[in-house]
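Shown here: final.cif, mmCIF, C-alpha atoms.
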```
data_start
#
loop_
_atom_site.label_atom_id
_atom_site.label_comp_id
_atom_site.auth_asym_id
_atom_site.auth_seq_id
_atom_site.Cartn_x
_atom_site.Cartn_y
_atom_site.Cartn_z
CA MET F 1296 2.03 30.98 -9.81
CA PRO F 1297 -0.96 28.68 -9.44
CA ILE F 1298 -0.17 24.98 -9.64
CA PRO F 1299 -1.85 23.42 -12.69
CA ASP F 1300 -4.06 20.41 -12.25
CA LEU F 1301 -2.20 17.16 -12.80
CA HIS F 1302 -4.08 14.30 -14.35
CA LEU F 1303 -2.94 11.05 -12.79
CA ALA F 1304 -3.42 7.80 -14.65
CA HIS F 1305 -6.39 5.78 -13.46
CA ARG F 1306 -4.18 2.73 -13.04
CA LEU F 1307 -2.43 4.41 -10.09
CA LYS F 1308 -5.68 4.64 -8.12
CA ASP F 1309 -5.06 1.48 -6.12
CA ILE F 1310 -1.25 1.68 -6.05
CA ALA F 1311 0.63 2.96 -3.01
CA PRO F 1312 4.35 3.48 -2.46
CA SER F 1313 6.17 0.53 -0.92
CA SER F 1314 5.18 0.24 2.73
CA MET F 1315 8.64 -1.07 3.61
CA MET F 1316 10.36 1.91 1.99
CA ARG F 1317 7.87 4.28 3.62
CA LEU F 1318 8.61 2.83 7.06
CA ALA F 1319 12.36 3.03 6.43
CA ALA F 1320 11.99 6.70 5.50
CA GLU F 1321 9.91 7.32 8.61
CA ALA F 1322 12.56 5.66 10.79
CA ALA F 1323 15.25 7.81 9.19
CA GLU F 1324 13.24 10.97 9.84
CA LEU F 1325 12.66 10.02 13.48
CA ARG F 1326 16.39 9.46 13.92
CA ARG F 1327 17.03 12.92 12.51
CA GLN F 1328 14.67 14.22 15.17
CA GLY F 1329 16.79 12.56 17.85
CA ARG F 1330 14.80 9.37 18.45
CA ASP F 1331 16.84 6.20 19.13
CA ILE F 1332 15.00 4.08 16.57
CA ILE F 1333 15.91 0.45 15.91
CA GLY F 1334 14.63 -0.15 12.40
CA LEU F 1335 13.74 -3.76 11.66
CA SER F 1336 11.44 -3.01 8.76
CA THR F 1337 13.61 -3.27 5.66
CA GLY F 1338 14.92 -6.34 3.88
CA GLU F 1339 18.46 -5.14 3.52
CA PRO F 1340 21.56 -6.86 4.91
CA ASP F 1341 23.64 -4.51 7.04
CA LEU F 1342 26.83 -6.29 5.97
CA ASP F 1343 29.18 -4.70 3.47
CA THR F 1344 29.49 -6.07 -0.04
CA PRO F 1345 32.44 -8.51 -0.04
CA LEU F 1346 35.74 -6.87 -0.90
CA HIS F 1347 36.51 -8.87 -4.05
CA ILE F 1348 33.21 -7.68 -5.53
CA GLN F 1349 33.98 -4.06 -4.70
CA GLU F 1350 37.40 -4.44 -6.31
CA ALA F 1351 35.84 -5.80 -9.50
CA ALA F 1352 33.69 -2.66 -9.75
CA ILE F 1353 36.70 -0.41 -9.23
CA SER F 1354 38.64 -2.29 -11.91
CA ALA F 1355 35.70 -1.95 -14.30
CA MET F 1356 35.59 1.81 -13.76
CA ARG F 1357 39.33 2.22 -14.21
CA GLY F 1358 39.21 0.02 -17.29
CA GLY F 1359 36.68 2.29 -18.96
CA ASP F 1360 33.77 -0.13 -18.55
CA THR F 1361 31.37 2.78 -18.11
CA HIS F 1362 29.32 2.73 -21.30
CA TYR F 1363 26.01 1.26 -22.43
CA THR F 1364 25.93 -2.51 -22.50
CA ASP F 1365 23.66 -4.85 -24.36
CA ILE F 1366 20.03 -4.24 -23.39
CA ASP F 1367 19.58 -7.15 -21.01
CA GLY F 1368 23.11 -7.80 -19.82
CA THR F 1369 26.70 -8.21 -20.91
CA LEU F 1370 27.81 -11.50 -22.38
CA ALA F 1371 30.25 -11.92 -19.48
CA LEU F 1372 27.47 -11.62 -16.91
CA LYS F 1373 25.09 -13.83 -18.84
CA GLU F 1374 27.78 -16.50 -19.03
CA ALA F 1375 28.35 -16.20 -15.28
CA ILE F 1376 24.60 -16.57 -14.70
CA GLN F 1377 24.56 -19.53 -17.07
CA ARG F 1378 27.29 -21.19 -15.00
CA LYS F 1379 25.50 -20.37 -11.75
CA PHE F 1380 22.20 -21.91 -12.85
CA ASP F 1381 23.99 -25.05 -14.05
CA ARG F 1382 26.28 -25.39 -11.01
CA GLU F 1383 23.81 -24.59 -8.24
CA ASN F 1384 20.37 -25.42 -9.65
CA GLY F 1385 20.92 -28.03 -12.33
CA LEU F 1386 19.28 -25.72 -14.89
CA LYS F 1387 20.71 -25.22 -18.36
CA PHE F 1388 19.95 -22.01 -20.23
CA ASN F 1389 21.21 -20.68 -23.52
CA ILE F 1390 22.49 -17.11 -23.54
CA ASP F 1391 19.29 -15.92 -25.27
CA GLU F 1392 17.29 -17.47 -22.41
CA ILE F 1393 18.85 -15.19 -19.77
CA SER F 1394 17.85 -11.64 -18.88
CA VAL F 1395 19.58 -9.12 -16.60
CA SER F 1396 17.80 -6.08 -15.17
CA ALA F 1397 18.22 -3.32 -12.62
CA GLY F 1398 17.15 -5.57 -9.76
CA ALA F 1399 14.92 -8.63 -9.48
CA LYS F 1400 11.93 -6.31 -9.14
CA GLN F 1401 12.48 -5.05 -12.66
CA VAL F 1402 12.85 -8.60 -13.95
CA ILE F 1403 9.39 -9.37 -12.56
CA TYR F 1404 7.89 -6.14 -13.87
CA ASN F 1405 9.31 -6.81 -17.33
CA ALA F 1406 7.80 -10.30 -17.33
CA PHE F 1407 4.39 -9.06 -16.24
CA SER F 1408 4.50 -6.15 -18.67
CA ALA F 1409 5.25 -8.52 -21.53
CA THR F 1410 2.44 -10.97 -20.72
CA ILE F 1411 -0.44 -9.40 -18.77
CA ASP F 1412 -3.47 -7.91 -20.50
CA GLU F 1413 -6.40 -6.10 -18.90
CA GLY F 1414 -8.20 -8.46 -16.51
CA ASP F 1415 -5.56 -11.19 -16.49
CA GLU F 1416 -4.90 -12.83 -13.14
CA VAL F 1417 -1.76 -13.45 -11.14
CA ILE F 1418 -2.13 -16.14 -8.48
CA ILE F 1419 -0.30 -15.13 -5.30
CA PRO F 1420 -0.32 -17.12 -2.03
CA THR F 1421 -0.23 -15.39 1.34
CA PRO F 1422 1.86 -14.09 2.92
CA TYR F 1423 3.03 -12.18 -0.11
CA TYR F 1424 5.57 -9.58 -1.14
CA SER F 1425 3.17 -6.75 -1.95
CA PRO F 1426 4.91 -5.44 -5.13
CA TYR F 1427 3.71 -8.58 -6.93
CA ILE F 1428 0.18 -7.26 -6.52
CA ASP F 1429 0.94 -3.65 -7.36
CA MET F 1430 2.91 -4.55 -10.47
CA ALA F 1431 0.03 -6.69 -11.73
CA ARG F 1432 -2.48 -3.92 -11.02
CA VAL F 1433 -0.54 -1.14 -12.69
CA LEU F 1434 -0.46 -3.27 -15.85
CA GLY F 1435 -4.21 -3.82 -15.81
CA GLY F 1436 -4.10 -7.27 -14.24
CA ARG F 1437 -5.52 -8.36 -10.94
CA GLU F 1438 -4.32 -10.53 -8.13
CA LYS F 1439 -5.91 -13.84 -7.17
CA ILE F 1440 -4.95 -14.28 -3.53
CA VAL F 1441 -4.75 -17.78 -2.08
CA SER F 1442 -4.76 -17.95 1.70
CA THR F 1443 -2.32 -20.26 3.46
CA SER F 1444 -2.10 -21.33 7.08
CA ALA F 1445 0.54 -21.19 9.79
CA ASP F 1446 -0.35 -24.82 10.47
CA ASN F 1447 1.02 -25.67 7.02
CA GLY F 1448 4.04 -23.40 7.31
CA PHE F 1449 2.35 -20.75 5.15
CA LYS F 1450 2.69 -22.87 2.03
CA MET F 1451 0.11 -23.27 -0.72
CA LYS F 1452 -1.60 -26.61 -1.04
CA ALA F 1453 -2.23 -28.23 -4.39
CA GLN F 1454 -6.00 -28.26 -3.96
CA ASP F 1455 -6.02 -24.54 -3.19
CA LEU F 1456 -4.02 -23.81 -6.32
CA GLU F 1457 -6.43 -25.90 -8.37
CA ALA F 1458 -9.38 -23.95 -6.99
CA ALA F 1459 -7.76 -20.61 -7.80
CA ILE F 1460 -7.05 -21.23 -11.50
CA THR F 1461 -9.40 -19.70 -14.07
CA ASP F 1462 -9.25 -19.10 -17.81
CA ARG F 1463 -7.75 -15.66 -17.08
CA SER F 1464 -4.91 -16.97 -14.90
CA ARG F 1465 -1.54 -16.07 -16.42
CA TRP F 1466 0.99 -16.53 -13.64
CA LEU F 1467 1.53 -18.28 -10.34
CA VAL F 1468 4.14 -16.54 -8.21
CA LEU F 1469 6.10 -18.61 -5.69
CA ASN F 1470 8.71 -17.08 -3.40
CA SER F 1471 10.85 -19.64 -1.57
CA PRO F 1472 12.44 -18.99 0.87
CA SER F 1473 9.61 -16.63 1.59
CA ASN F 1474 9.54 -12.96 2.37
CA PRO F 1475 8.07 -12.56 5.00
CA SER F 1476 7.49 -15.99 6.56
CA GLY F 1477 10.84 -17.67 5.89
CA SER F 1478 9.02 -20.80 4.75
CA VAL F 1479 10.65 -23.04 2.15
CA TYR F 1480 8.93 -25.36 -0.33
CA SER F 1481 10.34 -28.87 -0.42
CA ALA F 1482 10.84 -30.79 -3.64
CA SER F 1483 7.75 -32.91 -2.93
CA GLU F 1484 5.62 -29.83 -2.26
CA LEU F 1485 6.76 -28.23 -5.50
CA ALA F 1486 6.03 -31.46 -7.35
CA GLU F 1487 2.45 -31.47 -6.08
CA LEU F 1488 1.93 -27.93 -7.34
CA ALA F 1489 3.54 -28.83 -10.66
CA ASP F 1490 1.09 -31.69 -11.08
CA VAL F 1491 -1.73 -29.14 -10.89
CA LEU F 1492 -0.03 -26.77 -13.32
CA GLU F 1493 0.53 -29.59 -15.78
CA LYS F 1494 -3.25 -29.70 -16.29
CA HIS F 1495 -3.39 -25.94 -16.99
CA PRO F 1496 -0.76 -25.11 -19.62
CA HIS F 1497 -1.92 -21.49 -19.90
CA VAL F 1498 -0.60 -20.78 -16.37
CA TRP F 1499 3.08 -19.89 -16.15
CA LEU F 1500 5.23 -19.98 -13.03
CA LEU F 1501 7.36 -17.13 -11.73
CA SER F 1502 9.79 -18.69 -9.25
CA ASP F 1503 11.23 -15.90 -7.09
CA ASP F 1504 14.40 -17.49 -5.68
CA ILE F 1505 16.04 -14.29 -4.45
CA TYR F 1506 16.64 -15.72 -0.92
CA GLU F 1507 17.99 -19.03 -2.23
CA HIS F 1508 21.31 -18.82 -0.40
CA ILE F 1509 19.87 -17.74 2.93
CA LEU F 1510 18.66 -21.21 3.79
CA PHE F 1511 19.16 -22.63 7.28
CA ARG F 1512 18.42 -26.29 6.74
CA GLY F 1513 17.89 -28.75 3.93
CA GLN F 1514 18.72 -28.38 0.27
CA PHE F 1515 17.29 -25.62 -1.88
CA THR F 1516 15.46 -26.62 -5.02
CA THR F 1517 13.39 -24.83 -7.61
CA MET F 1518 10.42 -25.83 -9.74
CA ALA F 1519 12.15 -26.13 -13.12
CA LYS F 1520 14.60 -28.60 -11.56
CA VAL F 1521 11.98 -30.61 -9.68
CA ARG F 1522 9.68 -30.95 -12.69
CA PRO F 1523 11.64 -30.40 -15.94
CA PHE F 1524 8.42 -30.32 -17.98
CA MET F 1525 7.71 -26.96 -16.30
CA ALA F 1526 10.91 -25.41 -17.67
CA ASN F 1527 9.25 -24.24 -20.89
CA ARG F 1528 6.82 -22.05 -18.90
CA THR F 1529 8.83 -21.08 -15.84
CA LEU F 1530 10.73 -17.86 -15.25
CA THR F 1531 13.36 -18.50 -12.58
CA VAL F 1532 14.20 -15.16 -10.96
CA ASN F 1533 17.20 -14.38 -8.77
CA GLY F 1534 19.72 -11.63 -8.09
CA VAL F 1535 22.77 -10.63 -6.12
CA SER F 1536 21.09 -8.27 -3.63
CA LYS F 1537 20.43 -10.58 -0.70
CA ALA F 1538 23.03 -13.35 -1.01
CA TYR F 1539 25.98 -11.02 -1.63
CA CYS F 1540 24.80 -7.96 0.34
CA MET F 1541 24.46 -5.94 -2.86
CA THR F 1542 21.01 -4.34 -2.51
CA GLY F 1543 22.14 -0.95 -3.80
CA TRP F 1544 23.93 -2.41 -6.80
CA ARG F 1545 20.56 -3.30 -8.39
CA ILE F 1546 21.34 -6.39 -10.42
CA GLY F 1547 18.66 -9.03 -10.86
CA TYR F 1548 18.47 -11.79 -13.43
CA ALA F 1549 16.31 -14.60 -14.71
CA GLY F 1550 16.34 -17.66 -16.90
CA GLY F 1551 13.34 -18.69 -18.96
CA PRO F 1552 11.95 -19.55 -22.38
CA LYS F 1553 13.48 -17.64 -25.28
CA GLN F 1554 10.23 -16.05 -26.46
CA LEU F 1555 9.52 -14.61 -23.01
CA ILE F 1556 13.08 -13.33 -22.56
CA LYS F 1557 12.88 -11.65 -25.97
CA ALA F 1558 9.65 -9.88 -25.01
CA MET F 1559 11.15 -8.78 -21.68
CA ARG F 1560 14.15 -7.42 -23.57
CA THR F 1561 11.81 -5.29 -25.68
CA VAL F 1562 10.18 -3.84 -22.56
CA GLN F 1563 13.53 -3.10 -20.95
CA SER F 1564 14.88 -1.43 -24.07
CA GLN F 1565 12.24 1.29 -23.64
CA VAL F 1566 12.56 1.66 -19.88
CA THR F 1567 16.17 1.51 -18.67
CA THR F 1568 18.19 0.81 -21.84
CA CYS F 1569 20.48 -1.54 -19.89
CA PRO F 1570 21.57 -2.38 -16.34
CA PRO F 1571 24.53 -0.34 -15.01
CA SER F 1572 27.75 -1.54 -16.65
CA ILE F 1573 29.96 -1.27 -13.55
CA ASN F 1574 27.46 -3.15 -11.42
CA GLN F 1575 27.29 -5.94 -13.97
CA ALA F 1576 31.05 -6.40 -13.70
CA ALA F 1577 30.67 -6.61 -9.93
CA ALA F 1578 27.92 -9.22 -10.32
CA VAL F 1579 30.24 -11.39 -12.43
CA ALA F 1580 32.75 -11.33 -9.55
CA ALA F 1581 29.98 -12.25 -7.12
CA LEU F 1582 28.66 -15.21 -9.09
CA ASP F 1583 32.08 -16.56 -10.08
CA GLY F 1584 33.80 -15.72 -6.79
CA PRO F 1585 34.64 -17.83 -3.75
CA GLU F 1586 31.64 -19.76 -2.48
CA ASP F 1587 32.73 -19.55 1.17
CA VAL F 1588 31.44 -15.96 1.12
CA LEU F 1589 27.90 -17.33 0.96
CA ALA F 1590 28.48 -19.72 3.86
CA LYS F 1591 29.87 -16.93 6.04
CA ILE F 1592 26.95 -14.62 5.33
CA ARG F 1593 24.48 -17.44 5.97
CA SER F 1594 26.09 -18.26 9.32
CA VAL F 1595 25.74 -14.63 10.41
CA PHE F 1596 22.03 -14.68 9.64
CA LEU F 1597 21.57 -18.05 11.38
CA GLU F 1598 23.03 -16.66 14.61
CA ARG F 1599 20.82 -13.60 14.35
CA ARG F 1600 17.74 -15.68 13.63
CA ASP F 1601 18.23 -17.73 16.78
CA VAL F 1602 18.67 -14.60 18.92
CA VAL F 1603 15.47 -13.04 17.57
CA VAL F 1604 13.31 -16.16 17.71
CA SER F 1605 14.32 -17.00 21.28
CA GLY F 1606 13.97 -13.36 22.35
CA LEU F 1607 10.50 -13.01 20.90
CA ASN F 1608 9.25 -16.35 22.18
CA ALA F 1609 10.26 -15.26 25.69
CA VAL F 1610 7.67 -12.45 25.48
CA PRO F 1611 4.21 -13.48 26.76
CA GLY F 1612 1.60 -13.16 24.02
CA ILE F 1613 4.05 -13.45 21.12
CA ASP F 1614 4.47 -16.71 19.22
CA CYS F 1615 7.35 -16.83 16.76
CA PRO F 1616 7.88 -19.86 14.50
CA VAL F 1617 11.42 -20.64 13.41
CA PRO F 1618 12.00 -19.45 9.81
CA GLU F 1619 13.74 -21.94 7.53
CA GLY F 1620 15.22 -19.27 5.29
CA ALA F 1621 15.47 -15.55 4.40
CA PHE F 1622 16.15 -13.05 7.21
CA TYR F 1623 12.72 -12.35 8.63
CA ALA F 1624 10.82 -13.54 11.67
CA PHE F 1625 7.03 -13.61 11.29
CA PRO F 1626 5.62 -13.82 14.80
CA SER F 1627 1.98 -13.78 15.79
CA CYS F 1628 0.78 -11.05 18.15
CA GLU F 1629 -2.74 -12.43 18.51
CA GLY F 1630 -2.09 -13.15 22.18
CA LEU F 1631 -1.79 -9.41 22.80
CA LEU F 1632 -4.96 -8.25 21.09
CA GLY F 1633 -7.40 -6.62 23.46
CA GLN F 1634 -4.70 -5.44 25.83
CA LYS F 1635 -4.50 -1.74 26.58
CA THR F 1636 -1.92 0.97 26.42
CA GLN F 1637 -2.36 4.21 28.31
CA THR F 1638 -4.38 5.65 25.44
CA GLN F 1639 -5.90 2.80 23.41
CA THR F 1640 -6.71 -0.89 23.08
CA ILE F 1641 -4.50 -3.02 20.83
CA ALA F 1642 -7.02 -4.17 18.23
CA ASN F 1643 -4.74 -5.50 15.49
CA ASP F 1644 -1.19 -5.85 14.19
CA GLN F 1645 -1.11 -2.27 12.96
CA ASP F 1646 -1.97 -0.97 16.43
CA PHE F 1647 0.71 -3.14 17.98
CA ALA F 1648 3.36 -2.10 15.45
CA ARG F 1649 2.56 1.55 16.11
CA TYR F 1650 2.72 0.93 19.85
CA LEU F 1651 6.18 -0.62 19.51
CA LEU F 1652 7.35 2.42 17.59
CA ASP F 1653 5.88 4.88 20.09
CA ALA F 1654 6.71 3.03 23.29
CA ALA F 1655 9.86 1.09 22.42
CA ASN F 1656 11.39 2.95 19.47
CA VAL F 1657 11.36 -0.29 17.48
CA MET F 1658 10.03 -0.24 13.92
CA VAL F 1659 8.57 -3.41 12.42
CA VAL F 1660 6.11 -4.10 9.59
CA PRO F 1661 2.52 -5.18 10.32
CA GLY F 1662 1.70 -8.58 8.86
CA SER F 1663 -1.39 -7.15 7.18
CA ALA F 1664 1.01 -5.54 4.66
CA PHE F 1665 1.70 -9.11 3.50
CA GLY F 1666 -1.91 -10.30 3.56
CA VAL F 1667 -1.75 -11.97 6.99
CA PRO F 1668 -3.12 -9.81 9.81
CA ASN F 1669 -2.06 -9.98 13.45
CA ARG F 1670 1.51 -10.90 12.68
CA LEU F 1671 4.64 -8.82 12.36
CA ARG F 1672 7.54 -8.99 9.95
CA ILE F 1673 10.76 -8.44 11.86
CA SER F 1674 13.95 -8.27 9.83
CA PHE F 1675 17.01 -9.73 11.51
CA ALA F 1676 19.33 -8.14 8.94
CA ALA F 1677 20.85 -6.03 11.72
CA ASP F 1678 23.69 -6.68 14.14
CA ILE F 1679 23.30 -8.84 17.24
CA ALA F 1680 23.52 -5.92 19.65
CA GLN F 1681 20.62 -4.12 17.97
CA LEU F 1682 18.53 -7.27 17.75
CA THR F 1683 19.10 -8.10 21.40
CA GLU F 1684 18.21 -4.55 22.42
CA ALA F 1685 15.11 -4.63 20.22
CA CYS F 1686 13.86 -7.82 21.88
CA THR F 1687 14.51 -6.29 25.30
CA ARG F 1688 12.53 -3.18 24.35
CA ILE F 1689 9.66 -5.23 22.91
CA ALA F 1690 9.47 -7.29 26.10
CA ALA F 1691 9.39 -4.13 28.23
CA ALA F 1692 6.67 -2.55 26.08
CA VAL F 1693 4.53 -5.69 26.26
CA GLY F 1694 5.07 -5.76 30.03
CA ASP F 1695 3.51 -2.27 30.23
CA LEU F 1696 0.29 -3.41 28.56
CA LYS F 1697 -2.74 -3.95 30.77
#
```
Translate this structure into structure tokens?
Amino acid sequence: MPIPDLHLAHRLKDIAPSSMMRLAAEAAELRRQGRDIIGLSTGEPDLDTPLHIQEAAISAMRGGDTHYTDIDGTLALKEAIQRKFDRENGLKFNIDEISVSAGAKQVIYNAFSATIDEGDEVIIPTPYYSPYIDMARVLGGREKIVSTSADNGFKMKAQDLEAAITDRSRWLVLNSPSNPSGSVYSASELAELADVLEKHPHVWLLSDDIYEHILFRGQFTTMAKVRPFMANRTLTVNGVSKAYCMTGWRIGYAGGPKQLIKAMRTVQSQVTTCPPSINQAAAVAALDGPEDVLAKIRSVFLERRDVVVSGLNAVPGIDCPVPEGAFYAFPSCEGLLGQKTQTQTIANDQDFARYLLDAANVMVVPGSAFGVPNRLRISFAADIAQLTEACTRIAAAVGDLK
């Protein structure tokens, strides 16, 4: 039978599937074809979810906790989140100021969906996590990109934020520690940005703190703690995916003003009904469980970070700064541009990433996917043996360039 024409919504015109997920699928397909691919493209810890969290899920299933829950989270999980925010961040939220979704991504989408009208702007500094942009676009908004510099640790300056704000600005999105750069905003840097936002009360802050616990030095802090006057227009977003190695469990959460949380609840009620009940029980065990789990996971990533940074910096033409948090290296490959393979000249980060895949069987993400060309995002959420081998392969491939 002939395939009928499908009308696709105009809003999808500029939206593409996640580049990270596409690369992961490509790596999986190449492995099926027999290629020995080392995939360093996805932001997913390779470690297993801690046992006590798994056991909580099993107990929930056996206890019949397999039904619909309240729309935006069980009371037990919201109370655990309430305790977490108070204990770790010095933030106090009422139960009706907390929302739970199927991942931090959905939390962000719900917030944007509840607040963005056609033509509204979301201010996003580079390097950025690209779904921020696509979520704004699919809802009729548009991104306002603010360029940052490696010289400033890829962090937005107050004067650049001031210059970006217009009457249509609705949100500023800050991700610290950053995916992909690993940069971390200090309390003083957040305070400077808050001083700008204080003059523009129509601009809200979305603080994406998902990598909070993967911090290699200093003390983590978040905007609503640094400047309490921002609390009534800040959505503090987090989740269990990265800190507790629970990416597939899909539990994200946020704390924010009651009227925003209520609107997000309305959106979620028509999209997913509620987060998975069993996974919420597991998230309670994660948030209320032994804190030494976090320290152990962090120490694993610290060791891996040091292996990757030293390995990459030993390669001529690659310059890799030391990330302060998250589990990504963000090296520059500018020193290799203009060099030649057997078939082409390396003109940009995309060429170099493709060369590494073809010549070294190592998959990384071009920095242009994050708004910063001629860099690479290299995930070190893989075991030491793979990371060491990947650096060896990269060095050999660069050595073959002319």
Near region 1539-1546 of chain F, within 8 Å and counting all atoms listed in the file, which residues show up once chain neighbours fewer than 6 positions away are dropped, as a PDB file with C-alpha atoms, in the frame of the given file?
```
ATOM      1  CA  GLU F1339      18.460  -5.140   3.520  1.00  0.00           C
ATOM      2  CA  PRO F1340      21.560  -6.860   4.910  1.00  0.00           C
ATOM      3  CA  ASP F1341      23.640  -4.510   7.040  1.00  0.00           C
ATOM      4  CA  LEU F1342      26.830  -6.290   5.970  1.00  0.00           C
ATOM      5  CA  ASP F1343      29.180  -4.700   3.470  1.00  0.00           C
ATOM      6  CA  THR F1344      29.490  -6.070  -0.040  1.00  0.00           C
ATOM      7  CA  PRO F1345      32.440  -8.510  -0.040  1.00  0.00           C
ATOM      8  CA  VAL F1395      19.580  -9.120 -16.600  1.00  0.00           C
ATOM      9  CA  SER F1396      17.800  -6.080 -15.170  1.00  0.00           C
ATOM     10  CA  ALA F1397      18.220  -3.320 -12.620  1.00  0.00           C
ATOM     11  CA  GLY F1398      17.150  -5.570  -9.760  1.00  0.00           C
ATOM     12  CA  ALA F1399      14.920  -8.630  -9.480  1.00  0.00           C
ATOM     13  CA  PRO F1570      21.570  -2.380 -16.340  1.00  0.00           C
ATOM     14  CA  ASN F1574      27.460  -3.150 -11.420  1.00  0.00           C
ATOM     15  CA  GLN F1575      27.290  -5.940 -13.970  1.00  0.00           C
ATOM     16  CA  ALA F1578      27.920  -9.220 -10.320  1.00  0.00           C
ATOM     17  CA  ALA F1581      29.980 -12.250  -7.120  1.00  0.00           C
ATOM     18  CA  VAL F1588      31.440 -15.960   1.120  1.00  0.00           C
ATOM     19  CA  LEU F1589      27.900 -17.330   0.960  1.00  0.00           C
ATOM     20  CA  ILE F1592      26.950 -14.620   5.330  1.00  0.00           C
TER      21      ILE F1592
END
```
May I have the residues within 10 Å of Phe1596 (chain F) as an mmCIF file with C-alpha atoms, in the frame of the given file, using only C-alpha atoms and disregarding those fewer than 6 positions away in the same chain?
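Generated file (out.cif):
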```
data_model
loop_
_atom_site.group_PDB
_atom_site.id
_atom_site.type_symbol
_atom_site.label_atom_id
_atom_site.label_comp_id
_atom_site.auth_asym_id
_atom_site.auth_seq_id
_atom_site.Cartn_x
_atom_site.Cartn_y
_atom_site.Cartn_z
ATOM 1 C CA PRO F 1340 21.560 -6.860 4.910
ATOM 2 C CA ILE F 1509 19.870 -17.740 2.930
ATOM 3 C CA LEU F 1510 18.660 -21.210 3.790
ATOM 4 C CA PHE F 1511 19.160 -22.630 7.280
ATOM 5 C CA VAL F 1602 18.670 -14.600 18.920
ATOM 6 C CA GLY F 1620 15.220 -19.270 5.290
ATOM 7 C CA ALA F 1621 15.470 -15.550 4.400
ATOM 8 C CA PHE F 1622 16.150 -13.050 7.210
ATOM 9 C CA TYR F 1623 12.720 -12.350 8.630
ATOM 10 C CA PHE F 1675 17.010 -9.730 11.510
ATOM 11 C CA ALA F 1676 19.330 -8.140 8.940
ATOM 12 C CA ALA F 1677 20.850 -6.030 11.720
ATOM 13 C CA ASP F 1678 23.690 -6.680 14.140
ATOM 14 C CA ILE F 1679 23.300 -8.840 17.240
#
```
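The shortest atom-to-atom distance to Glu1416 (chain F), with all atoms listed in the file taken into account, belongs to F:Asp1462 out of F:Glu1629, F:Asp1462, F:Glu1321, F:Glu1383.
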Item to complete: Write out as a list in words which residues come within 7 Å of region 1660-1671 of chain F when counting only C-alpha atoms, dropping same-chain ones fewer than 5 positions away.
Response: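 These residues fall inside the cut-off: Ser1336, Thr1421, Pro1422, Tyr1423, Tyr1424, Ser1425, Phe1625, Pro1626, Ser1627, Cys1628, Glu1629, Asn1643, Asp1644, Gln1645 and Ala1648 of chain F.
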Discussion item. Let me make sure I understand: among F:Leu1303, F:Ile1556, F:Val1535, F:Ile1419, which one has the smallest atom-to-atom distance to Ser1502 (chain F) if we use only C-alpha atoms?
Written reply: F:Ile1419
Worksheet item: Hey, what comes out of the PyMOL selection byres ((chain F and resi 1560) around 10) on this file? Could you write it as a ChimeraX atom specification?
Response: /F:1365-1368,1393-1396,1402,1405-1406,1409,1554-1559,1561-1566,1568-1569
Worksheet item: Please, what distance in Å, to one decimal, runs between CA of Ile1353 (chain F) and CA of Gly1338 (chain F)?
Response: 26.1 Å
Worksheet item: Contacts of Lys1697 (chain F) at 7 Å or less, counting all atoms listed in the file, minus same-chain residues fewer than 2 places along, as number ranges by chain?
Response: F: 1634-1636, 1695
Got time to write the residues from that selection, C-alpha atoms, as a compact mmCIF listing (two decimals), in the coordinates of the input?
```txt
# COMPACT_ATOMS: atom_id res chain seq x y z
CA GLN F 1634 -4.70 -5.44 25.83
CA LYS F 1635 -4.50 -1.74 26.58
CA THR F 1636 -1.92 0.97 26.42
CA ASP F 1695 3.51 -2.27 30.23
```
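When only C-alpha atoms are used to measure the gap to Ala1459 (chain F), the shortest distance among F:Val1491, F:Leu1372, F:Ala1580, F:Ala1431 belongs to F:Val1491.
Between CA of Pro1552 (chain F) and CA of Arg1432 (chain F) the separation is 24.1 Å.
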Find the residues with any atom within 10 Å of (0.3, -19.7, 5.3); use only C-alpha atoms and the coordinates as given in the file, and write the answer as a JSON list (two decimals) with C-alpha atoms, keeping the file's coordinate frame.
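Okay, point22.json is ready:
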```
[["chain", "number", "residue", "atom", "x", "y", "z"],
["F", 1420, "PRO", "CA", -0.32, -17.12, -2.03],
["F", 1421, "THR", "CA", -0.23, -15.39, 1.34],
["F", 1422, "PRO", "CA", 1.86, -14.09, 2.92],
["F", 1423, "TYR", "CA", 3.03, -12.18, -0.11],
["F", 1441, "VAL", "CA", -4.75, -17.78, -2.08],
["F", 1442, "SER", "CA", -4.76, -17.95, 1.70],
["F", 1443, "THR", "CA", -2.32, -20.26, 3.46],
["F", 1444, "SER", "CA", -2.10, -21.33, 7.08],
["F", 1445, "ALA", "CA", 0.54, -21.19, 9.79],
["F", 1446, "ASP", "CA", -0.35, -24.82, 10.47],
["F", 1447, "ASN", "CA", 1.02, -25.67, 7.02],
["F", 1448, "GLY", "CA", 4.04, -23.40, 7.31],
["F", 1449, "PHE", "CA", 2.35, -20.75, 5.15],
["F", 1450, "LYS", "CA", 2.69, -22.87, 2.03],
["F", 1451, "MET", "CA", 0.11, -23.27, -0.72],
["F", 1452, "LYS", "CA", -1.60, -26.61, -1.04],
["F", 1476, "SER", "CA", 7.49, -15.99, 6.56],
["F", 1478, "SER", "CA", 9.02, -20.80, 4.75],
["F", 1666, "GLY", "CA", -1.91, -10.30, 3.56],
["F", 1667, "VAL", "CA", -1.75, -11.97, 6.99]]
```
Practice prompt. For CA of Gly1612 (chain F) and CA of Ser1594 (chain F), determine how far apart the two atoms are, in Å to one decimal place.
Written response: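 Interatomic distance here is 29.0 Å.
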